[in-house]
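Q: This is the structure I want to talk about, given as structure tokens.
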Amino acid sequence: MAGKSQTHEQSVLNVLRATNITAPATTYVGLLSTAPTDTTGGTEASGGGYARQAAGFAAPSGSPSQIANAADILFTMPTVTIVAAALYSAVTAGTLLYWVGGLSVAFTSGDQARIAASALVVQED
């Protein structure tokens, strides 16, 4: 299951109104132990050296249009089971932009999680 937060959906639609057209300088990836919905934020992992990581994306391509992370994204993990990943507008707090659920990956404190280059794909149709 993938989604876009309602806040981000409204920002995208506001592009057509020429209002509120600001993009974050950097997009960050977070890993969640409880999945979000379009209107709720879920529960992000914490502790054990975990922090959101910056993600750089290649230029959009394809049909439907999509972008993918340009390099590996690495996390130091606490003891947790990850059920979703999300994109945020800031390294802490910020706005939830996109998310994908349906994951179930268990980590032990000190493990490293890796999202391989080109594995994180965001698509608009």
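Note on naming: chains are A, B, ... as they come in the structure tokens, residues start from 1 per chain, ligands start from 1 in the order shown.
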Hey, could you make a per-residue contact list for stretch 44-63 of chain A against stretch 71-93 of chain A with 9 Å as the cut-off, showing the nearest pair of atoms and its distance in Å to one decimal, counting only C-alpha atoms, sorted by chain and number, as a Markdown table?
A:
| residue | atom | partner | partner_atom | distance |
| --- | --- | --- | --- | --- |
| A:Glu44 | CA | A:Ile82 | CA | 8.8 |
| A:Ala45 | CA | A:Val80 | CA | 7.1 |
| A:Ser46 | CA | A:Pro78 | CA | 6.7 |
| A:Gly47 | CA | A:Pro78 | CA | 5.6 |
| A:Gly48 | CA | A:Pro78 | CA | 4.2 |
| A:Gly49 | CA | A:Thr76 | CA | 5.6 |
| A:Tyr50 | CA | A:Thr76 | CA | 5.1 |
| A:Ala51 | CA | A:Phe75 | CA | 7.0 |
| A:Arg52 | CA | A:Val91 | CA | 5.8 |
| A:Gln53 | CA | A:Ile73 | CA | 6.8 |
| A:Ala54 | CA | A:Val91 | CA | 7.6 |
| A:Ala55 | CA | A:Ile73 | CA | 6.9 |
| A:Gly56 | CA | A:Ala71 | CA | 7.1 |
| A:Phe57 | CA | A:Ala71 | CA | 8.1 |
Q: I need the chosen residues saved as a JSON list (two decimals), in the first residue's frame, with N, CA and C atoms.
A:
[["chain", "number", "residue", "atom", "x", "y", "z"],
["A", 44, "GLU", "N", 7.32, 6.56, 13.84],
["A", 44, "GLU", "CA", 8.67, 6.42, 13.29],
["A", 44, "GLU", "C", 9.57, 5.69, 14.28],
["A", 45, "ALA", "N", 10.53, 4.93, 13.77],
["A", 45, "ALA", "CA", 11.53, 4.28, 14.61],
["A", 45, "ALA", "C", 12.27, 5.33, 15.42],
["A", 46, "SER", "N", 12.83, 4.93, 16.56],
["A", 46, "SER", "CA", 13.62, 5.87, 17.36],
["A", 46, "SER", "C", 14.61, 5.10, 18.21],
["A", 47, "GLY", "N", 15.67, 5.80, 18.63],
["A", 47, "GLY", "CA", 16.68, 5.19, 19.48],
["A", 47, "GLY", "C", 17.71, 4.40, 18.70],
["A", 48, "GLY", "N", 18.71, 3.92, 19.40],
["A", 48, "GLY", "CA", 19.72, 3.04, 18.80],
["A", 48, "GLY", "C", 20.51, 3.68, 17.67],
["A", 49, "GLY", "N", 20.61, 5.01, 17.64],
["A", 49, "GLY", "CA", 21.35, 5.69, 16.59],
["A", 49, "GLY", "C", 20.55, 5.97, 15.34],
["A", 50, "TYR", "N", 19.26, 5.61, 15.35],
["A", 50, "TYR", "CA", 18.40, 5.84, 14.18],
["A", 50, "TYR", "C", 18.18, 7.33, 13.95],
["A", 51, "ALA", "N", 18.19, 7.74, 12.70],
["A", 51, "ALA", "CA", 17.82, 9.10, 12.29],
["A", 51, "ALA", "C", 17.35, 9.05, 10.84],
["A", 52, "ARG", "N", 16.46, 9.96, 10.48],
["A", 52, "ARG", "CA", 16.09, 10.08, 9.07],
["A", 52, "ARG", "C", 17.33, 10.37, 8.24],
["A", 53, "GLN", "N", 17.29, 9.92, 7.00],
["A", 53, "GLN", "CA", 18.43, 10.11, 6.11],
["A", 53, "GLN", "C", 18.01, 10.91, 4.87],
["A", 54, "ALA", "N", 18.91, 11.78, 4.44],
["A", 54, "ALA", "CA", 18.66, 12.58, 3.23],
["A", 54, "ALA", "C", 18.63, 11.66, 2.01],
["A", 55, "ALA", "N", 17.77, 11.99, 1.08],
["A", 55, "ALA", "CA", 17.66, 11.21, -0.16],
["A", 55, "ALA", "C", 17.77, 12.16, -1.35],
["A", 56, "GLY", "N", 18.67, 11.85, -2.25],
["A", 56, "GLY", "CA", 18.76, 12.58, -3.52],
["A", 56, "GLY", "C", 18.09, 11.74, -4.59],
["A", 57, "PHE", "N", 17.41, 12.39, -5.51],
["A", 57, "PHE", "CA", 16.66, 11.67, -6.53],
["A", 57, "PHE", "C", 17.16, 12.04, -7.92]]
Q: Using only C-alpha atoms, which protein or nucleic acid residues come within 12 Å of A:Gly42? Drop anything in the same chain fewer than 4 positions from it, and give the result as a short mmCIF file (atom, residue, chain, number, x, y, z; two decimals) with N, CA and C atoms, in the first residue's frame.
A:
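Final output, saved to selection_1.cif:
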data_model
loop_
_atom_site.label_atom_id
_atom_site.label_comp_id
_atom_site.auth_asym_id
_atom_site.auth_seq_id
_atom_site.Cartn_x
_atom_site.Cartn_y
_atom_site.Cartn_z
N SER A 5 0.42 11.94 1.65
CA SER A 5 -0.32 12.56 2.74
C SER A 5 -1.30 13.60 2.18
N GLY A 30 12.30 8.26 6.26
CA GLY A 30 12.13 7.73 7.60
C GLY A 30 11.57 6.32 7.53
N LEU A 31 11.84 5.52 8.55
CA LEU A 31 11.33 4.15 8.63
C LEU A 31 10.37 4.07 9.80
N LEU A 32 9.23 3.40 9.60
CA LEU A 32 8.15 3.44 10.58
C LEU A 32 7.78 2.05 11.10
N SER A 33 7.45 2.01 12.39
CA SER A 33 7.01 0.76 13.02
C SER A 33 5.49 0.63 13.00
N THR A 34 4.79 1.72 12.74
CA THR A 34 3.35 1.73 12.53
C THR A 34 3.11 2.53 11.26
N ALA A 35 2.38 1.96 10.33
CA ALA A 35 2.17 2.61 9.03
C ALA A 35 1.29 3.84 9.15
N PRO A 36 1.59 4.88 8.37
CA PRO A 36 0.72 6.05 8.31
C PRO A 36 -0.46 5.78 7.40
N THR A 37 -1.36 6.75 7.35
CA THR A 37 -2.41 6.78 6.34
C THR A 37 -2.31 8.14 5.67
N ASP A 38 -3.23 8.44 4.80
CA ASP A 38 -3.20 9.76 4.15
C ASP A 38 -3.43 10.89 5.14
N ILE A 82 10.07 -2.84 11.09
CA ILE A 82 9.68 -1.76 10.19
C ILE A 82 8.56 -2.25 9.28
N VAL A 83 7.48 -1.48 9.23
CA VAL A 83 6.33 -1.85 8.40
C VAL A 83 6.07 -0.86 7.28
N ALA A 84 6.77 0.29 7.31
CA ALA A 84 6.56 1.31 6.28
C ALA A 84 7.79 2.21 6.17
N ALA A 85 7.92 2.85 5.02
CA ALA A 85 8.94 3.87 4.80
C ALA A 85 8.22 5.12 4.33
N ALA A 86 8.79 6.29 4.65
CA ALA A 86 8.12 7.54 4.31
C ALA A 86 9.13 8.60 3.90
N LEU A 96 4.96 14.96 6.29
CA LEU A 96 4.94 13.66 5.63
C LEU A 96 4.51 13.89 4.20
N TRP A 99 4.44 7.80 1.39
CA TRP A 99 4.76 6.65 2.21
C TRP A 99 4.41 5.37 1.46
N VAL A 100 5.05 4.30 1.88
CA VAL A 100 4.76 2.97 1.35
C VAL A 100 4.74 1.99 2.53
N GLY A 101 3.72 1.17 2.59
CA GLY A 101 3.59 0.18 3.65
C GLY A 101 3.76 -1.23 3.10
#
Q: Between A:Ser104, A:Ser109, A:Gln123, A:Gln6, which is the closest to A:Pro60 once you count only C-alpha atoms?
A: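 Closest to A:Pro60, using only C-alpha atoms: A:Gln123.
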Q: What's around A:Ala68 at 6 Å? Count only C-alpha atoms, leave out sequence neighbours fewer than 5 positions away in its own chain, and write the answer as an MDAnalysis selection string.
A: chainID A and resid 57:58 118 120:121
Q: Just the strand (DSSP E) stuff from stretch 50-103 of chain A, please, per backbone DSSP, written as a PyMOL selection string.
A: chain A and resi 53-55+66-68+73-76+80-82+84-88+96-100
